[in-house]
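*Asks:* File structure_36.txt follows (compact mmCIF, C-alpha atoms):
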# COMPACT_ATOMS: atom_id res chain seq x y z
CA MET F 1 23.04 3.22 -5.30
CA VAL F 2 21.78 6.58 -6.56
CA THR F 3 20.04 8.92 -4.13
CA ILE F 4 17.34 11.06 -5.74
CA ALA F 5 16.68 14.67 -4.84
CA ALA F 6 12.99 15.28 -4.12
CA SER F 7 12.60 17.78 -6.96
CA ILE F 8 9.90 16.11 -9.06
CA ASN F 9 6.40 17.27 -8.21
CA MET F 10 3.56 16.60 -10.65
CA GLU F 11 0.56 18.15 -8.91
CA GLN F 12 -0.48 15.69 -6.19
CA PHE F 13 2.45 13.29 -6.74
CA SER F 14 5.99 14.10 -5.66
CA CYS F 15 9.20 12.16 -5.18
CA HIS F 16 10.00 10.94 -1.67
CA PRO F 17 13.08 12.66 -0.14
CA GLN F 18 14.56 9.22 0.65
CA CYS F 19 14.05 7.83 -2.84
CA THR F 20 16.94 5.67 -4.07
CA ILE F 21 17.70 3.70 -7.24
CA ASN F 22 19.77 0.52 -7.39
CA SER F 23 21.01 -0.58 -10.81
CA LEU F 24 21.71 -4.30 -11.41
CA LEU F 25 22.64 -6.64 -14.24
CA ILE F 26 20.92 -10.03 -13.91
CA GLY F 27 21.37 -13.47 -15.45
CA LYS F 28 23.87 -14.72 -17.99
CA GLU F 29 22.57 -12.16 -20.49
CA LYS F 30 23.35 -9.32 -18.06
CA SER F 31 19.95 -7.71 -18.47
CA PRO F 32 19.49 -4.36 -16.71
CA LEU F 33 17.17 -4.09 -13.73
CA LEU F 34 16.51 -0.92 -11.73
CA ILE F 35 15.01 -1.01 -8.24
CA ILE F 36 13.46 2.20 -6.93
CA ASP F 37 12.73 2.36 -3.19
CA HIS F 38 10.59 4.98 -1.39
CA TRP F 39 9.34 6.31 -4.72
CA LEU F 40 6.35 8.53 -3.91
CA GLU F 41 6.09 11.06 -1.10
CA GLN F 42 2.56 9.91 -0.18
CA PRO F 43 1.86 6.58 -1.89
CA GLU F 44 -1.33 6.17 0.14
CA LYS F 45 -2.92 8.77 -2.15
CA LEU F 46 -2.34 6.50 -5.12
CA VAL F 47 -3.83 3.53 -3.27
CA GLN F 48 -6.89 5.60 -2.41
CA ILE F 49 -7.36 6.55 -6.07
CA ALA F 50 -7.00 2.92 -7.10
CA ASN F 51 -9.61 1.82 -4.56
CA GLN F 52 -12.06 4.32 -6.04
CA GLY F 53 -11.39 3.28 -9.64
CA THR F 54 -13.49 1.28 -12.10
CA TRP F 55 -12.06 -2.20 -12.53
CA SER F 56 -12.43 -4.53 -15.49
CA LYS F 57 -10.64 -7.21 -17.44
CA ASP F 58 -8.35 -5.32 -19.82
CA SER F 59 -8.79 -7.37 -23.01
CA LYS F 60 -8.91 -10.92 -24.31
CA GLN F 61 -5.23 -10.60 -25.23
CA ASP F 62 -4.27 -9.63 -21.68
CA PHE F 63 -3.46 -12.72 -19.64
CA TYR F 64 -2.98 -10.82 -16.39
CA PRO F 65 -4.70 -12.91 -13.66
CA GLY F 66 -6.95 -10.17 -12.43
CA GLN F 67 -8.40 -6.77 -13.22
CA ARG F 68 -7.13 -3.41 -14.48
CA SER F 69 -8.05 0.21 -13.84
CA ILE F 70 -6.62 3.22 -15.66
CA ALA F 71 -4.13 5.22 -13.57
CA PRO F 72 -4.69 8.99 -13.25
CA LEU F 73 -3.03 11.39 -15.66
CA GLU F 74 -1.15 13.06 -12.79
CA TYR F 75 0.59 9.78 -11.95
CA ARG F 76 1.34 9.12 -15.60
CA ASN F 77 2.93 12.58 -15.86
CA PHE F 78 4.94 11.98 -12.69
CA VAL F 79 6.28 8.71 -14.09
CA ALA F 80 7.19 10.38 -17.40
CA GLU F 81 9.12 13.16 -15.68
CA PHE F 82 10.90 10.72 -13.35
CA VAL F 83 11.97 8.60 -16.31
CA ARG F 84 13.23 11.67 -18.17
CA GLN F 85 15.16 13.14 -15.24
CA GLN F 86 16.35 10.12 -13.32
CA LEU F 87 16.17 6.86 -15.27
CA VAL F 88 17.40 7.76 -18.75
CA PRO F 89 20.92 8.63 -17.48
CA LEU F 90 21.09 5.17 -15.88
CA LEU F 91 20.06 3.19 -18.96
CA PRO F 92 22.80 0.94 -20.37
CA THR F 93 22.82 2.46 -23.85
CA SER F 94 22.80 5.98 -25.24
CA GLN F 95 20.43 5.07 -28.06
CA TYR F 96 17.41 5.85 -25.91
CA ASP F 97 16.83 9.52 -26.67
CA GLN F 98 13.05 9.61 -27.09
CA ALA F 99 10.33 7.96 -25.06
CA SER F 100 6.58 7.70 -24.70
CA ILE F 101 4.25 5.99 -22.25
CA SER F 102 2.14 3.45 -24.06
CA TYR F 103 0.30 2.06 -21.02
CA CYS F 104 -0.26 3.07 -17.39
CA ALA F 105 -2.80 1.26 -15.21
CA PHE F 106 -3.47 -0.26 -11.82
CA SER F 107 -3.43 -4.06 -11.66
CA LEU F 108 -5.14 -6.18 -9.02
CA VAL F 109 -4.62 -9.95 -8.81
CA SER F 110 -8.04 -11.56 -8.35
CA HIS F 111 -7.92 -15.02 -9.95
CA SER F 112 -8.02 -18.07 -7.74
CA PRO F 113 -5.01 -20.34 -8.42
CA CYS F 114 -7.30 -23.14 -9.59
CA ASP F 115 -8.79 -20.82 -12.24
CA LEU F 116 -5.49 -19.94 -13.87
CA LEU F 117 -4.91 -20.82 -17.50
CA PRO F 118 -1.75 -22.85 -18.21
CA ILE F 119 -0.07 -19.79 -19.76
CA GLN F 120 -0.69 -17.88 -16.52
CA ARG F 121 1.30 -20.46 -14.55
CA ILE F 122 4.61 -19.97 -16.36
CA PRO F 123 6.90 -16.97 -16.97
CA HIS F 124 5.98 -14.67 -19.84
CA PHE F 125 7.40 -11.78 -21.85
CA ASP F 126 5.37 -8.66 -22.62
CA THR F 127 6.83 -8.04 -26.07
CA GLN F 128 9.74 -9.13 -28.25
CA ASN F 129 10.63 -5.45 -28.76
CA PRO F 130 13.82 -4.74 -26.74
CA ASN F 131 13.03 -0.99 -26.73
CA GLN F 132 9.98 -1.36 -24.49
CA TRP F 133 10.57 -1.23 -20.75
CA ALA F 134 8.17 -2.05 -17.92
CA ILE F 135 7.71 -0.38 -14.56
CA VAL F 136 5.98 -2.28 -11.75
CA HIS F 137 5.13 -0.10 -8.74
CA TYR F 138 4.22 -2.20 -5.69
CA LEU F 139 1.28 -0.79 -3.77
CA CYS F 140 1.08 -3.85 -1.55
CA GLN F 141 3.10 -5.42 1.24
CA GLU F 142 5.90 -7.97 1.01
CA GLU F 143 3.68 -10.94 1.89
CA CYS F 144 1.81 -10.49 -1.41
CA GLY F 145 4.89 -11.58 -3.35
CA GLY F 146 7.31 -9.85 -5.68
CA THR F 147 8.57 -10.53 -9.20
CA GLY F 148 10.84 -13.26 -10.56
CA PHE F 149 13.02 -13.34 -13.68
CA PHE F 150 13.72 -16.60 -15.44
CA GLN F 151 15.81 -18.55 -17.92
CA HIS F 152 14.09 -21.09 -20.17
CA ARG F 153 16.17 -24.20 -19.50
CA GLN F 154 16.03 -25.94 -22.88
CA SER F 155 16.70 -22.88 -25.05
CA GLY F 156 18.82 -20.99 -22.52
CA PHE F 157 16.86 -17.82 -23.32
CA GLU F 158 16.35 -15.15 -20.67
CA THR F 159 15.03 -12.56 -23.11
CA ILE F 160 12.84 -13.08 -26.17
CA ASN F 161 13.46 -11.00 -29.31
CA SER F 162 12.16 -11.30 -32.88
CA ASP F 163 14.88 -13.84 -33.77
CA ARG F 164 14.10 -16.06 -30.78
CA GLU F 165 10.33 -15.78 -30.51
CA SER F 166 9.19 -18.51 -32.92
CA ARG F 167 11.75 -21.04 -31.64
CA TYR F 168 10.92 -20.31 -28.03
CA ILE F 169 7.16 -20.65 -28.53
CA ARG F 170 7.62 -23.89 -30.46
CA ILE F 171 9.78 -25.44 -27.72
CA ARG F 172 7.49 -24.13 -24.97
CA ASP F 173 4.41 -25.62 -26.64
CA ASP F 174 6.16 -28.94 -27.25
CA GLU F 175 7.06 -29.10 -23.56
CA ALA F 176 3.39 -28.86 -22.68
CA PHE F 177 2.96 -32.28 -24.30
CA THR F 178 6.20 -33.91 -23.14
CA LEU F 179 6.31 -32.53 -19.59
CA GLY F 180 2.61 -31.89 -19.04
CA LEU F 181 0.82 -28.72 -18.03
CA PRO F 182 2.16 -26.66 -15.11
CA PRO F 183 0.58 -27.21 -11.67
CA GLU F 184 -2.61 -25.31 -10.87
CA HIS F 185 -1.08 -22.61 -8.70
CA TYR F 186 0.78 -19.34 -9.03
CA LEU F 187 4.43 -19.58 -9.95
CA GLU F 188 6.64 -19.68 -6.89
CA GLY F 189 10.15 -20.20 -8.28
CA SER F 190 12.17 -22.55 -10.49
CA THR F 191 10.39 -25.35 -12.36
CA GLU F 192 11.38 -28.19 -14.67
CA GLN F 193 11.12 -25.78 -17.63
CA PHE F 194 12.30 -22.50 -16.11
CA LYS F 195 15.17 -21.51 -13.81
CA LEU F 196 14.69 -18.54 -11.49
CA ILE F 197 17.71 -16.28 -12.09
CA HIS F 198 16.70 -13.33 -9.92
CA HIS F 199 13.81 -12.18 -7.79
CA VAL F 200 12.76 -8.90 -6.20
CA ASN F 201 10.61 -8.90 -3.09
CA ALA F 202 7.53 -6.74 -3.05
CA GLN F 203 7.83 -3.76 -0.76
CA PHE F 204 5.25 -1.02 -0.39
CA ASN F 205 6.22 1.97 -2.57
CA ARG F 206 9.02 0.06 -4.33
CA ALA F 207 9.18 -0.02 -8.13
CA ILE F 208 11.18 -2.14 -10.54
CA VAL F 209 12.14 -1.18 -14.09
CA TYR F 210 13.26 -3.72 -16.71
CA PRO F 211 13.11 -4.53 -20.45
CA SER F 212 9.70 -5.97 -21.31
CA ASN F 213 11.19 -8.85 -23.29
CA LEU F 214 12.66 -10.44 -20.14
CA LEU F 215 11.00 -13.71 -19.11
CA HIS F 216 9.32 -12.81 -15.83
CA SER F 217 6.39 -13.54 -13.57
CA GLY F 218 4.76 -12.32 -10.42
CA LEU F 219 5.67 -14.64 -7.54
CA ILE F 220 2.25 -14.51 -5.93
CA LYS F 221 2.36 -15.55 -2.29
CA GLN F 222 -0.87 -14.00 -1.04
CA TRP F 223 -3.52 -12.53 -3.32
CA GLN F 224 -6.44 -12.08 -0.93
CA ASN F 225 -7.00 -11.25 2.71
CA GLU F 226 -8.92 -13.24 5.33
CA SER F 227 -12.17 -11.77 4.04
CA GLY F 228 -11.45 -12.99 0.51
CA GLN F 229 -10.71 -9.51 -0.88
CA PRO F 230 -7.87 -9.10 -3.44
CA ILE F 231 -4.86 -7.30 -1.96
CA ARG F 232 -1.97 -7.58 -4.45
CA LEU F 233 -2.13 -4.12 -6.02
CA THR F 234 0.47 -2.68 -8.40
CA ALA F 235 0.68 0.17 -10.89
CA ASN F 236 2.08 -0.97 -14.23
CA THR F 237 3.59 1.24 -16.92
CA PHE F 238 5.12 0.53 -20.33
CA ILE F 239 7.72 2.94 -21.73
CA GLN F 240 8.56 2.91 -25.45
CA PHE F 241 12.08 4.13 -26.26
CA SER F 242 13.38 5.11 -29.68
CA PRO F 243 16.40 6.98 -31.09
CA SER F 244 16.31 10.74 -31.61
CA SER F 245 18.78 13.59 -31.86
CA ALA F 246 17.62 15.09 -28.54
CA PHE F 247 15.71 13.47 -25.71
CA THR F 248 12.00 14.17 -25.63
CA PHE F 249 9.09 12.58 -23.82
CA ASN F 250 5.83 12.42 -25.75
Transcribe the structure of this file into structure tokens.
*Replies:*
Amino acid sequence: MVTIAASINMEQFSCHPQCTINSLLIGKEKSPLLIIDHWLEQPEKLVQIANQGTWSKDSKQDFYPGQRSIAPLEYRNFVAEFVRQQLVPLLPTSQYDQASISYCAFSLVSHSPCDLLPIQRIPHFDTQNPNQWAIVHYLCQEECGGTGFFQHRQSGFETINSDRESRYIRIRDDEAFTLGLPPEHYLEGSTEQFKLIHHVNAQFNRAIVYPSNLLHSGLIKQWQNESGQPIRLTANTFIQFSPSSAFTFN
């Protein structure tokens, strides 16, 4: 466990004095996973900004089961500085010397389980590019559900790269015919097609950091309150890493 000094302050966002980072290797492929606890000094500020945001469906290519809202520049800058100062030294390879944020937005689960598309009921990967990493910052409580990481049983794949992508998609699509479509509910754990290899519980102000080509899924336990209002709120960021002679953050 790494304890973080509360030295990062990007305008209204600063690092919590009790912030810690746990570094893990998960699955047979030993994929890196970082867990940040007590990340922001006052995470309620970020929730307030999210609640005042303009929400919409991101794009037709985005299969997230809900709505998105752009995160403020101050938060984006805070994340960039935290990655530069604290996360890069913990990454498992020295090839990551340059980075840029390609996406930073709030995400709010709002789809009823019965309205989910089949592809939204199974694990997914964000990209086959191993140099893109994802950050999921939980702005919700544990009962909303965390994140699971999976192995595709038939192929044995836990990560999807350019060499594996076409084979994986072919097998996955064939299984839709031989095994049938997944049940009409949010993914909760292992299935006939996918084995849960690790899971992280949601915890308010916790963040997880992992390569975007890992097979993963939100393990949605509760997505709305008693009044029917969506409550599973996260902030999601994509970091693009690339080699360079000296580390910079664009």
*Asks:* Set the distance at 12 Å and use all atoms listed in the file: which residues neighbour Leu187 (chain F) once local chain neighbours fewer than 6 positions away are removed? I'd like the list as a list of chain:residue names.
*Replies:*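 In the requested format, the answer is F:Pro65, F:Pro113, F:Leu116, F:Pro118, F:Ile119, F:Gln120, F:Arg121, F:Ile122, F:Pro123, F:His124, F:Gly145, F:Gly146, F:Thr147, F:Gly148, F:Phe149, F:Phe150, F:Gln193, F:Phe194, F:Lys195, F:Leu196, F:His216, F:Ser217, F:Gly218, F:Leu219, F:Ile220, F:Lys221, F:Gln222.
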*Asks:* Got time to write the residues from that selection, C-alpha atoms, as a JSON list (two decimals), keeping the file's coordinate frame?
*Replies:*
[["chain", "number", "residue", "atom", "x", "y", "z"],
["F", 65, "PRO", "CA", -4.70, -12.91, -13.66],
["F", 113, "PRO", "CA", -5.01, -20.34, -8.42],
["F", 116, "LEU", "CA", -5.49, -19.94, -13.87],
["F", 118, "PRO", "CA", -1.75, -22.85, -18.21],
["F", 119, "ILE", "CA", -0.07, -19.79, -19.76],
["F", 120, "GLN", "CA", -0.69, -17.88, -16.52],
["F", 121, "ARG", "CA", 1.30, -20.46, -14.55],
["F", 122, "ILE", "CA", 4.61, -19.97, -16.36],
["F", 123, "PRO", "CA", 6.90, -16.97, -16.97],
["F", 124, "HIS", "CA", 5.98, -14.67, -19.84],
["F", 145, "GLY", "CA", 4.89, -11.58, -3.35],
["F", 146, "GLY", "CA", 7.31, -9.85, -5.68],
["F", 147, "THR", "CA", 8.57, -10.53, -9.20],
["F", 148, "GLY", "CA", 10.84, -13.26, -10.56],
["F", 149, "PHE", "CA", 13.02, -13.34, -13.68],
["F", 150, "PHE", "CA", 13.72, -16.60, -15.44],
["F", 193, "GLN", "CA", 11.12, -25.78, -17.63],
["F", 194, "PHE", "CA", 12.30, -22.50, -16.11],
["F", 195, "LYS", "CA", 15.17, -21.51, -13.81],
["F", 196, "LEU", "CA", 14.69, -18.54, -11.49],
["F", 216, "HIS", "CA", 9.32, -12.81, -15.83],
["F", 217, "SER", "CA", 6.39, -13.54, -13.57],
["F", 218, "GLY", "CA", 4.76, -12.32, -10.42],
["F", 219, "LEU", "CA", 5.67, -14.64, -7.54],
["F", 220, "ILE", "CA", 2.25, -14.51, -5.93],
["F", 221, "LYS", "CA", 2.36, -15.55, -2.29],
["F", 222, "GLN", "CA", -0.87, -14.00, -1.04]]
*Asks:* From the options F:Arg232, F:Lys28, F:His185, F:Arg172, which residue's atoms come nearest to Cys114 (chain F), counting only C-alpha atoms?
*Replies:*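 Counting only C-alpha atoms, the residue closest to Cys114 (chain F) is F:His185.
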*Asks:* Would you mind listing what lies within 6 Å of Ile239 (chain F) as a PyMOL selection string, with all atoms listed in the file counted and same-chain residues fewer than 4 positions away left out?
*Replies:* chain F and resi 100-101+132-133
*Asks:* Determine the nearest neighbour of Ser31 (chain F) from the options F:Gly156, F:Pro230, F:Gly180, F:Pro130, counting all atoms listed in the file.
*Replies:*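 Ranking F:Gly156, F:Pro230, F:Gly180, F:Pro130 by distance to Ser31 (chain F), first place goes to F:Pro130.
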*Asks:* Report as a PDB file with C-alpha atoms, in the coordinates of the input all protein, DNA and RNA residues lying within 8 Å of His38 (chain F), evaluated on only C-alpha atoms, omitting residues in the same chain fewer than 3 positions from it.
*Replies:*
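Done, and the output landed in result_17.pdb:
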ATOM      1  CA  HIS F  16      10.000  10.940  -1.670  1.00  0.00           C
ATOM      2  CA  GLN F  18      14.560   9.220   0.650  1.00  0.00           C
ATOM      3  CA  CYS F  19      14.050   7.830  -2.840  1.00  0.00           C
ATOM      4  CA  THR F  20      16.940   5.670  -4.070  1.00  0.00           C
ATOM      5  CA  GLU F  41       6.090  11.060  -1.100  1.00  0.00           C
ATOM      6  CA  ASN F 205       6.220   1.970  -2.570  1.00  0.00           C
ATOM      7  CA  ARG F 206       9.020   0.060  -4.330  1.00  0.00           C
TER       8      ARG F 206
END
